[in-house]
Structures are given as structure tokens and as C-alpha cells.
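> Below you'll find work13.tsv; it's TSV, C-alpha atoms and all ligand atoms.
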```tsv
chain	number	residue	atom	x	y	z
A	59	MET	CA	-17.40	94.54	7.44
A	60	ASN	CA	-18.45	90.95	6.75
A	61	LYS	CA	-20.50	89.23	9.40
A	62	PRO	CA	-18.75	86.26	11.02
A	63	VAL	CA	-19.98	82.91	9.76
A	64	VAL	CA	-21.14	80.86	12.75
A	65	ALA	CA	-21.81	77.09	12.58
A	66	VAL	CA	-24.28	76.01	15.29
A	67	THR	CA	-24.65	72.28	15.98
A	68	ARG	CA	-28.00	72.15	17.87
A	69	LYS	CA	-31.25	74.08	18.02
A	70	LEU	CA	-30.85	76.99	20.48
A	71	PRO	CA	-33.54	79.08	22.24
A	72	PRO	CA	-35.48	81.11	19.64
A	73	VAL	CA	-34.29	84.50	21.00
A	74	THR	CA	-30.69	83.33	20.73
A	75	GLU	CA	-31.16	82.16	17.15
A	76	THR	CA	-32.96	85.39	16.17
A	77	ARG	CA	-30.16	87.55	17.58
A	78	MET	CA	-27.52	85.32	15.99
A	79	MET	CA	-29.17	85.78	12.61
A	80	GLU	CA	-29.12	89.57	13.09
A	81	LEU	CA	-25.46	89.73	14.12
A	82	PHE	CA	-23.88	86.83	12.26
A	83	GLU	CA	-24.22	84.71	9.18
A	84	ALA	CA	-25.60	81.91	11.33
A	85	ARG	CA	-25.83	78.33	10.06
A	86	LEU	CA	-28.47	76.94	12.39
A	87	ASN	CA	-29.73	73.40	12.97
A	88	GLU	CA	-33.44	74.00	12.63
A	89	ASN	CA	-34.63	70.42	13.08
A	90	ASP	CA	-32.11	69.75	15.88
A	91	ARG	CA	-30.80	66.57	14.28
A	92	PRO	CA	-27.68	65.42	16.19
A	93	LEU	CA	-24.65	65.92	13.96
A	94	GLY	CA	-21.80	63.46	13.50
A	95	ALA	CA	-18.23	64.52	12.82
A	96	ALA	CA	-18.73	64.63	9.03
A	97	ASP	CA	-21.84	66.86	9.38
A	98	ILE	CA	-20.02	69.22	11.74
A	99	LEU	CA	-17.07	69.50	9.38
A	100	ALA	CA	-19.39	70.17	6.43
A	101	LYS	CA	-21.16	72.88	8.42
A	102	CYS	CA	-17.82	74.46	9.36
A	103	ASP	CA	-16.62	74.72	5.75
A	104	GLY	CA	-15.75	78.41	5.31
A	105	ALA	CA	-17.08	79.29	8.80
A	106	ASP	CA	-15.28	81.41	11.42
A	107	VAL	CA	-16.84	80.07	14.59
A	108	LEU	CA	-18.16	76.68	15.73
A	109	VAL	CA	-20.87	76.65	18.42
A	110	PRO	CA	-21.11	73.09	19.83
A	111	THR	CA	-22.86	71.70	22.90
A	112	VAL	CA	-22.20	68.84	25.30
A	113	THR	CA	-23.76	66.38	22.81
A	114	ASP	CA	-20.99	66.93	20.24
A	115	VAL	CA	-17.66	65.12	20.32
A	116	ILE	CA	-15.10	67.78	19.47
A	117	ASP	CA	-12.09	65.53	19.78
A	118	ALA	CA	-8.52	65.81	18.46
A	119	ASP	CA	-9.42	64.19	15.11
A	120	LEU	CA	-12.28	66.57	14.48
A	121	ILE	CA	-10.25	69.59	15.54
A	122	ALA	CA	-7.39	68.52	13.25
A	123	ALA	CA	-9.85	68.34	10.35
A	124	LEU	CA	-11.49	71.75	10.99
A	125	PRO	CA	-10.92	74.27	8.21
A	126	ASP	CA	-8.32	76.98	8.91
A	127	SER	CA	-11.12	79.54	8.86
A	128	ILE	CA	-12.42	78.33	12.28
A	129	ARG	CA	-10.75	80.52	14.90
A	130	LEU	CA	-13.15	80.14	17.81
A	131	ILE	CA	-15.13	77.31	19.40
A	132	ALA	CA	-17.82	79.10	21.42
A	133	ASN	CA	-19.38	76.33	23.48
A	134	PHE	CA	-23.04	76.58	24.51
A	135	GLY	CA	-22.53	75.28	28.06
A	136	VAL	CA	-20.06	75.58	30.90
A	137	GLY	CA	-18.62	72.04	30.81
A	138	VAL	CA	-16.04	71.55	28.07
A	139	ASN	CA	-15.05	67.91	28.63
A	140	HIS	CA	-16.36	67.09	25.13
A	141	ILE	CA	-13.76	69.43	23.57
A	142	ASP	CA	-10.09	68.50	23.30
A	143	LEU	CA	-8.65	71.74	24.66
A	144	ALA	CA	-5.03	70.76	23.96
A	145	ALA	CA	-5.85	69.98	20.32
A	146	ALA	CA	-7.64	73.34	20.00
A	147	ALA	CA	-4.68	75.16	21.59
A	148	ALA	CA	-2.28	73.37	19.21
A	149	ARG	CA	-4.21	74.89	16.30
A	150	THR	CA	-4.50	78.24	18.14
A	151	ILE	CA	-8.26	77.96	18.10
A	152	GLN	CA	-9.74	79.75	21.09
A	153	VAL	CA	-12.42	78.08	23.21
A	154	THR	CA	-15.08	79.86	25.28
A	155	ASN	CA	-17.85	78.56	27.56
A	156	THR	CA	-20.81	80.00	29.50
A	157	PRO	CA	-19.95	80.15	33.21
A	158	GLY	CA	-22.00	81.85	35.91
A	159	VAL	CA	-25.42	81.88	34.27
A	160	LEU	CA	-26.43	78.30	35.10
A	161	THR	CA	-25.06	78.20	38.64
A	162	GLU	CA	-28.31	78.73	40.52
A	163	ASP	CA	-30.36	76.40	38.32
A	164	THR	CA	-27.85	73.58	38.65
A	165	ALA	CA	-27.63	74.11	42.42
A	166	ASP	CA	-31.44	73.97	42.65
A	167	LEU	CA	-31.52	70.65	40.84
A	168	THR	CA	-28.74	69.32	43.07
A	169	ILE	CA	-30.78	70.17	46.16
A	170	ALA	CA	-33.88	68.60	44.60
A	171	LEU	CA	-31.93	65.33	44.20
A	172	LEU	CA	-30.36	65.64	47.66
A	173	LEU	CA	-33.86	65.83	49.15
A	174	SER	CA	-35.60	63.36	46.83
A	175	VAL	CA	-33.32	60.39	47.42
A	176	PRO	CA	-33.32	60.25	51.26
A	177	ARG	CA	-37.06	61.13	51.39
A	178	ARG	CA	-37.92	58.50	48.71
A	179	LEU	CA	-39.94	61.09	46.83
A	180	VAL	CA	-39.82	59.51	43.37
A	181	GLU	CA	-40.43	56.01	44.72
A	182	GLY	CA	-43.47	57.38	46.58
A	183	ALA	CA	-44.73	59.36	43.58
A	184	ARG	CA	-44.46	56.23	41.44
A	185	LEU	CA	-46.49	54.24	43.94
A	186	ALA	CA	-49.16	56.95	44.18
A	187	ALA	CA	-49.37	57.26	40.39
A	188	THR	CA	-49.91	53.53	39.92
A	189	GLY	CA	-52.82	53.53	42.39
A	190	LYS	CA	-51.10	50.93	44.58
A	191	TRP	CA	-50.94	53.05	47.75
A	192	THR	CA	-52.98	51.37	50.47
A	193	GLY	CA	-52.83	54.21	53.02
A	194	TRP	CA	-50.75	55.85	55.74
A	195	THR	CA	-49.22	53.70	58.43
A	196	PRO	CA	-46.67	54.64	61.11
A	197	THR	CA	-43.98	52.63	59.34
A	198	PHE	CA	-44.88	53.34	55.73
A	199	MET	CA	-42.08	54.36	53.35
A	200	MET	CA	-39.78	55.89	55.90
A	201	GLY	CA	-36.78	57.72	54.56
A	202	HIS	CA	-34.04	59.69	56.27
A	203	ARG	CA	-33.91	63.25	57.60
A	204	VAL	CA	-31.39	65.59	55.94
A	205	THR	CA	-31.27	68.19	58.72
A	206	GLY	CA	-28.17	67.75	60.84
A	207	LYS	CA	-26.41	65.59	58.24
A	208	ARG	CA	-22.96	66.20	56.77
A	209	LEU	CA	-22.69	67.09	53.09
A	210	GLY	CA	-19.34	66.64	51.34
A	211	ILE	CA	-19.09	68.76	48.20
A	212	ILE	CA	-16.52	67.67	45.63
A	213	GLY	CA	-15.61	70.79	43.65
A	214	MET	CA	-16.26	74.08	45.41
A	215	GLY	CA	-16.48	76.43	42.42
A	216	ARG	CA	-19.53	78.55	41.70
A	217	ILE	CA	-22.00	75.66	41.64
A	218	GLY	CA	-20.52	73.90	44.67
A	219	GLN	CA	-20.79	77.12	46.67
A	220	ALA	CA	-24.36	77.71	45.52
A	221	VAL	CA	-25.22	74.17	46.67
A	222	ALA	CA	-23.56	74.88	50.03
A	223	ARG	CA	-25.59	78.10	50.53
A	224	ARG	CA	-28.83	76.26	49.90
A	225	ALA	CA	-27.89	73.23	52.00
A	226	ARG	CA	-27.12	75.47	54.98
A	227	GLY	CA	-30.77	76.54	54.90
A	228	PHE	CA	-31.71	72.91	55.55
A	229	GLY	CA	-29.45	72.71	58.60
A	230	ILE	CA	-26.93	70.54	56.77
A	231	SER	CA	-23.25	70.97	57.70
A	232	ILE	CA	-20.91	71.77	54.84
A	233	HIS	CA	-17.67	69.99	54.05
A	234	TYR	CA	-15.71	70.23	50.83
A	235	HIS	CA	-12.78	69.00	48.82
A	236	ASN	CA	-11.37	71.24	46.10
A	237	ARG	CA	-8.15	71.76	44.17
A	238	ARG	CA	-7.72	75.05	46.03
A	239	ARG	CA	-8.89	75.88	49.51
A	240	LEU	CA	-11.47	78.70	49.56
A	241	HIS	CA	-10.67	82.15	50.93
A	242	PRO	CA	-11.22	82.19	54.72
A	243	GLU	CA	-14.11	84.71	54.41
A	244	ILE	CA	-16.03	82.36	52.09
A	245	GLU	CA	-15.30	79.36	54.30
A	246	GLU	CA	-16.58	81.37	57.23
A	247	GLU	CA	-19.72	82.52	55.43
A	248	LEU	CA	-20.56	78.94	54.43
A	249	GLU	CA	-19.29	77.50	57.72
A	250	ALA	CA	-17.51	75.05	55.45
A	251	THR	CA	-14.85	72.57	56.56
A	252	TYR	CA	-12.06	71.91	54.06
A	253	TRP	CA	-10.77	68.36	53.61
A	254	GLU	CA	-7.44	68.16	51.85
A	255	SER	CA	-7.92	64.39	51.53
A	256	LEU	CA	-10.90	63.37	49.42
A	257	ASP	CA	-10.66	59.81	50.78
A	258	GLN	CA	-10.92	61.06	54.34
A	259	MET	CA	-13.87	63.28	53.52
A	260	LEU	CA	-15.76	60.48	51.76
A	261	ALA	CA	-15.43	58.25	54.82
A	262	HIS	CA	-17.09	60.79	57.11
A	263	MET	CA	-20.04	62.10	55.06
A	264	ASP	CA	-23.77	61.29	54.98
A	265	LEU	CA	-24.38	63.05	51.66
A	266	ILE	CA	-22.02	63.66	48.73
A	267	SER	CA	-22.52	66.14	45.91
A	268	VAL	CA	-20.29	66.05	42.83
A	269	ASN	CA	-19.81	69.57	41.45
A	270	CYS	CA	-16.37	69.58	39.84
A	271	PRO	CA	-15.70	69.76	36.09
A	272	GLN	CA	-14.77	66.57	34.24
A	273	THR	CA	-11.16	66.79	33.13
A	274	PRO	CA	-8.55	64.08	32.52
A	275	ASP	CA	-7.70	64.48	36.25
A	276	THR	CA	-11.26	64.00	37.51
A	277	TYR	CA	-12.29	61.19	35.14
A	278	HIS	CA	-13.41	58.31	37.43
A	279	LEU	CA	-12.36	60.35	40.45
A	280	LEU	CA	-14.98	58.31	42.29
A	281	ASN	CA	-13.69	54.88	41.29
A	282	ALA	CA	-14.47	51.59	43.04
A	283	GLU	CA	-11.81	52.16	45.66
A	284	ARG	CA	-13.09	55.62	46.57
A	285	LEU	CA	-16.73	54.54	46.52
A	286	ASP	CA	-15.76	51.88	49.05
A	287	LYS	CA	-14.79	54.64	51.48
A	288	LEU	CA	-18.43	55.78	51.71
A	289	GLN	CA	-20.55	54.74	54.68
A	290	PRO	CA	-23.44	52.37	53.85
A	291	HIS	CA	-26.03	55.04	54.71
A	292	ALA	CA	-24.41	57.61	52.36
A	293	VAL	CA	-26.29	59.14	49.43
A	294	ILE	CA	-24.42	60.46	46.41
A	295	VAL	CA	-25.67	63.09	43.97
A	296	ASN	CA	-24.06	64.00	40.65
A	297	THR	CA	-25.12	67.03	38.59
A	298	ALA	CA	-21.65	67.61	37.06
A	299	ARG	CA	-20.57	64.98	34.54
A	300	GLY	CA	-21.17	61.23	34.41
A	301	GLY	CA	-17.54	60.33	33.78
A	302	ILE	CA	-16.47	61.61	37.22
A	303	ILE	CA	-18.06	58.50	38.78
A	304	ASP	CA	-17.29	54.95	37.64
A	305	GLU	CA	-20.94	54.18	36.84
A	306	ALA	CA	-20.54	50.39	36.80
A	307	ALA	CA	-18.83	50.45	40.22
A	308	LEU	CA	-21.57	52.70	41.58
A	309	VAL	CA	-24.30	50.37	40.31
A	310	GLU	CA	-22.64	47.37	41.98
A	311	ARG	CA	-22.54	49.16	45.32
A	312	LEU	CA	-26.10	50.46	45.07
A	313	GLU	CA	-27.32	46.95	44.27
A	314	ALA	CA	-25.37	45.48	47.18
A	315	GLY	CA	-26.59	48.15	49.64
A	316	ALA	CA	-23.00	49.34	50.20
A	317	ILE	CA	-24.24	52.86	49.35
A	318	ALA	CA	-27.78	53.85	50.37
A	319	GLY	CA	-28.84	55.77	47.29
A	320	ALA	CA	-27.95	58.04	44.39
A	321	GLY	CA	-29.46	61.04	42.61
A	322	LEU	CA	-28.02	61.31	39.12
A	323	ASP	CA	-28.58	63.95	36.46
A	324	VAL	CA	-25.60	62.95	34.31
A	325	TYR	CA	-24.31	59.64	32.97
A	326	GLU	CA	-21.14	58.20	31.50
A	327	ASN	CA	-22.61	57.46	28.05
A	328	GLU	CA	-25.49	59.90	27.60
A	329	PRO	CA	-28.21	59.47	26.57
A	330	ALA	CA	-27.71	55.82	27.54
A	331	ILE	CA	-28.27	55.05	31.21
A	332	HIS	CA	-26.78	51.91	32.77
A	333	PRO	CA	-29.69	49.43	32.51
A	334	LYS	CA	-29.21	48.25	36.10
A	335	LEU	CA	-29.71	51.81	37.38
A	336	LEU	CA	-33.17	51.80	35.82
A	337	ALA	CA	-34.17	48.79	37.91
A	338	LEU	CA	-33.13	50.25	41.28
A	339	ASP	CA	-35.54	51.82	43.78
A	340	ASN	CA	-32.88	53.71	45.71
A	341	VAL	CA	-31.99	56.05	42.83
A	342	VAL	CA	-33.54	59.18	41.35
A	343	LEU	CA	-32.56	59.68	37.73
A	344	SER	CA	-33.10	62.88	35.77
A	345	PRO	CA	-32.12	63.43	32.13
A	346	HIS	CA	-29.34	66.07	32.33
A	347	LEU	CA	-31.68	68.85	33.45
A	348	GLY	CA	-29.20	70.90	35.54
A	349	SER	CA	-29.32	74.04	33.42
A	350	ALA	CA	-32.66	73.34	31.74
A	351	THR	CA	-34.62	76.50	32.56
A	352	HIS	CA	-35.84	79.02	29.98
A	353	GLU	CA	-34.00	81.77	31.86
A	354	GLY	CA	-30.74	79.81	32.09
A	355	ARG	CA	-30.66	78.68	28.49
A	356	ILE	CA	-31.41	82.19	27.20
A	357	ALA	CA	-28.60	83.57	29.38
A	358	MET	CA	-26.26	80.88	28.03
A	359	GLY	CA	-27.17	81.95	24.48
A	360	GLU	CA	-26.45	85.57	25.41
A	361	LYS	CA	-23.00	84.57	26.67
A	362	VAL	CA	-22.24	82.67	23.46
A	363	ILE	CA	-23.23	85.72	21.40
A	364	ILE	CA	-21.13	88.10	23.53
A	365	ASN	CA	-18.14	85.77	23.30
A	366	ILE	CA	-18.40	85.59	19.49
A	367	LYS	CA	-18.99	89.31	19.14
A	368	THR	CA	-16.07	90.21	21.42
A	369	PHE	CA	-13.79	87.82	19.58
A	370	SER	CA	-14.82	88.95	16.11
A	371	ASP	CA	-14.36	92.58	17.15
A	372	GLY	CA	-10.73	91.73	17.90
A	373	HIS	CA	-10.90	91.47	21.69
A	374	VAL	CA	-10.22	88.64	24.11
A	375	PRO	CA	-13.55	87.04	25.07
A	376	LEU	CA	-14.27	87.12	28.79
A	377	ASP	CA	-15.17	83.44	28.99
A	378	ARG	CA	-12.03	82.12	27.38
A	379	VAL	CA	-11.24	78.60	28.61
A	380	LEU	CA	-7.58	78.03	29.32
A	381	ASP	CA	-6.23	74.91	30.99
A	382	GLY	CA	-8.76	74.46	33.79
A	383	ILE	CA	-12.29	75.65	34.41
A	384	ASP	CA	-14.28	76.50	37.48
A	385	VAL	CA	-17.93	75.66	37.27
A	401	LIG	C1	-23.26	72.62	30.97
A	401	LIG	O1	-23.42	73.80	30.68
A	401	LIG	O2	-22.16	72.15	31.24
A	401	LIG	C2	-24.48	71.75	30.95
A	401	LIG	O3	-24.24	70.55	31.62
A	401	LIG	C3	-24.86	71.46	29.52
A	401	LIG	O4	-23.70	71.24	28.80
```
As C-alpha cells - that is how I would like this structure written.


Amino acid sequence: MNKPVVAVTRKLPPVTETRMMELFEARLNENDRPLGAADILAKCDGADVLVPTVTDVIDADLIAALPDSIRLIANFGVGVNHIDLAAAAARTIQVTNTPGVLTEDTADLTIALLLSVPRRLVEGARLAATGKWTGWTPTFMMGHRVTGKRLGIIGMGRIGQAVARRARGFGISIHYHNRRRLHPEIEEELEATYWESLDQMLAHMDLISVNCPQTPDTYHLLNAERLDKLQPHAVIVNTARGGIIDEAALVERLEAGAIAGAGLDVYENEPAIHPKLLALDNVVLSPHLGSATHEGRIAMGEKVIINIKTFSDGHVPLDRVLDGIDV
């Protein structure tokens, strides 16, 4: 039987690429040059499967122009906001993602941001590194305690729940807003309080963590009006997708002191970061590192391979993305 021809848009972990070359006729991107639409289409000519990542725009126009031979888009990543799912469905192209294997890593990074912002860790590290620290004083660089605070998690899928488990260890109380309420046993385990109204939850929290997928429904979910519900001492952390928060509205409120601080791993127009964010002291900015561990990325590669293999063997891949996804 012929090996499936697989078009890969970015450089993947070496073990993933080696295994792909054994199992498939893999068209890799050895120098990791970002590909535009024309490059992706050229790579897909005569291919069976496209393997994109979050840096590719797989929109309706690109999907319409894909050759008929492409039957599967096996995304390397859990978020699929960069893929027009309706356009793929209209061409009966299946889409898969890589859920589950980056949950713990993303939750770890979320906690790192949730601690770093109130404790002014990056601001302090910057001061120490520039040699400008003049010594300890009783009032030097005071931040805020997280123990005893209320954390509102927006999106209580796998990652949201993993954040909640960790936050409980810091004595933080857990609140959440989600499309569906959790099963009572999980709510009980996490001692989590469900808020049907996001607006109400926002108004009562000290810390906010964004952990929902970006979909047309969650785009700018945290718009100016919603951000105005937050208390001035609130800190907001986003390790999901930049488009869920109106970045310009967030910047305005951070500058004005209407929100105390933000920890951001994702941005509306990556890799560009709003220039005003770069000038603020009350933010911690990381460059989309949520799933960036060797272990996580290798496991993501493994999922992509299993999805392609299952599909090309004539079975329904386990990680098939339908209308909505849980991260
Ligand atoms: C994910 O898997 O969604 C990561 O953010 C990278 O795309």
C-alpha cells in the first residue's frame, strides 16, 4: 500500500519527523521558514494530509484552494482557531487536534503567571539584573499575596481544571464560568463555585485565568465592557488565545490602573505584541510558551502521527474536531 503523503508546515521535534519519515511520505519544513498560503498550497499538491500549526492561517480561501487529494488536516496543537472548520466540513475534509497532552504544561505556565504578576517577580528580576537594586527595606517592592484570593477561571475544560487543582494548593478559592456546568463530583473535588453569569463572576474575582478555546463565540469575550466589571486590584492571566481579550481595551485599563496587572502568554496578532504592553511594569509577557516543553511537544507529535495513521487505515481518528473543542 502507498504511504500517505503528508505536508508539514513547520519544523517538528526530531523524533516526530523521524517517525513521520518512516510511516509516511513526509514533506517536512527543514529550515522552519514560515509558509504563506501559496507555499502551503504548493506543498499540498498531490498530498493526502496537511499538518499545520497555530502560525498558519488555514482560512476559507486556502481550504477552497486545497487539492482534492487532501482529506485530513491534522493540526499540531490543541487550539484550532486558525482553521476554518466550517470550510473544512463543507469540503468533507476532517480536522484533528492534539488534546490532553499539553494540559499540565499549560496549567503550569498559567500558575507561573498567576504568581509572577502579583509578586512582581519579573519587575524584580529586571531590577536585580540591571544592578540597580539598592537593598532590602521594609517597604521595598511589595506585591500582593495570592493565598486566600478568589480565582475566576473562564473555560473549565482540561486545562481550566488543571489550573484549579494547582491553585487549590496555594489556598486560592476556585470559581468558574463555562458553557456547561461541571459534574457535581468534579465541582466537589475542586471545591469550585459555578457562575452562570460571566459578568457577575468578573465583578467578584481577585484573579482571572482565561482557559477557553477561541471560537467565533469567544472572540473578544473580554471586551471593554466586560473588562470594566473587574475590580481595580484584579489580575488577569491569558494562556489560551490572544483574540479572547480585546488587547487594546486591556492596555488602556492597565495603563489607567483600572486593572492591577496582567500575565499574557498569547496575543491578538502574534508574534506582534501591542507596543504599549511592552512599556508597562504591571505585566508579565511570555512568548506563547504554554505547551513548550520537550515532553509536551513530543507527545503532540505522537498524537498527530496516530491521528494520521488511524485515518489512513480507514478509521475515525480519536481527536477529530467537530463543532466545538474542549481544551
Ligand atoms: C496549542 O496547542 O493550542 C498551542 O497553543 C500551540 O498551538

> Which chains and residue numbers are within 6 Å of ligand LIG 401 (chain A), counting all atoms listed in the file, if I want them as a count of residues only?

6

> Show which residues sit within 10 Å of Glu245 of chain A, as number ranges by chain. Count only C-alpha atoms, and ignore same-chain residues fewer than 5 positions away.

A: 219, 232-234, 239-240, 250-252

> Please, what distance in Å, to one decimal, runs between atom CA of Gln258 of chain A and atom CA of Ala316 of chain A?

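A separation of 17.3 Å between them.
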
> Name all residues at most 12 Å from Ile131 of chain A (count all atoms listed in the file; drop same-chain ones fewer than 5 positions away) and give them as an NGL selection string.

:A and (64-67 or 102 or 105-111 or 114 or 116 or 121 or 124 or 138 or 140-143 or 145-147 or 149-156 or 362-363 or 365-366 or 369 or 375 or 377-379)

> Mind checking which residues fall within 7 Å of Met358 of chain A, counting only C-alpha atoms, ignoring those fewer than 2 positions away in the same chain, and posting them as a PyMOL selection string?

chain A and resi 134-135+156+159+354-356+360-362

> Could the residues in this selection be saved with C-alpha atoms as a short mmCIF file (atom, residue, chain, number, x, y, z; two decimals), keeping the file's coordinate frame?


```
data_model
loop_
_atom_site.label_atom_id
_atom_site.label_comp_id
_atom_site.auth_asym_id
_atom_site.auth_seq_id
_atom_site.Cartn_x
_atom_site.Cartn_y
_atom_site.Cartn_z
CA PHE A 134 -23.04 76.58 24.51
CA GLY A 135 -22.53 75.28 28.06
CA THR A 156 -20.81 80.00 29.50
CA VAL A 159 -25.42 81.88 34.27
CA GLY A 354 -30.74 79.81 32.09
CA ARG A 355 -30.66 78.68 28.49
CA ILE A 356 -31.41 82.19 27.20
CA GLU A 360 -26.45 85.57 25.41
CA LYS A 361 -23.00 84.57 26.67
CA VAL A 362 -22.24 82.67 23.46
#
```

> Which residues of segment 259-373 of chain A come within 6 Å of segment 193-216 of chain A, and what is each one's closest atom pair and distance in Å (one decimal), counting all atoms listed in the file, sorted by chain and residue number, as a tab-separated table?


```
residue	atom	partner	partner_atom	distance
A:Met263	CA	A:Arg208	CA	5.3
A:Asp264	CA	A:Arg208	CA	5.3
A:Leu265	CA	A:Leu209	CA	4.6
A:Ile266	CA	A:Gly210	CA	4.8
A:Ser267	CA	A:Ile211	CA	4.9
A:Val268	CA	A:Ile212	CA	5.0
A:Asn269	CA	A:Gly213	CA	4.9
A:Cys270	CA	A:Gly213	CA	4.1
```
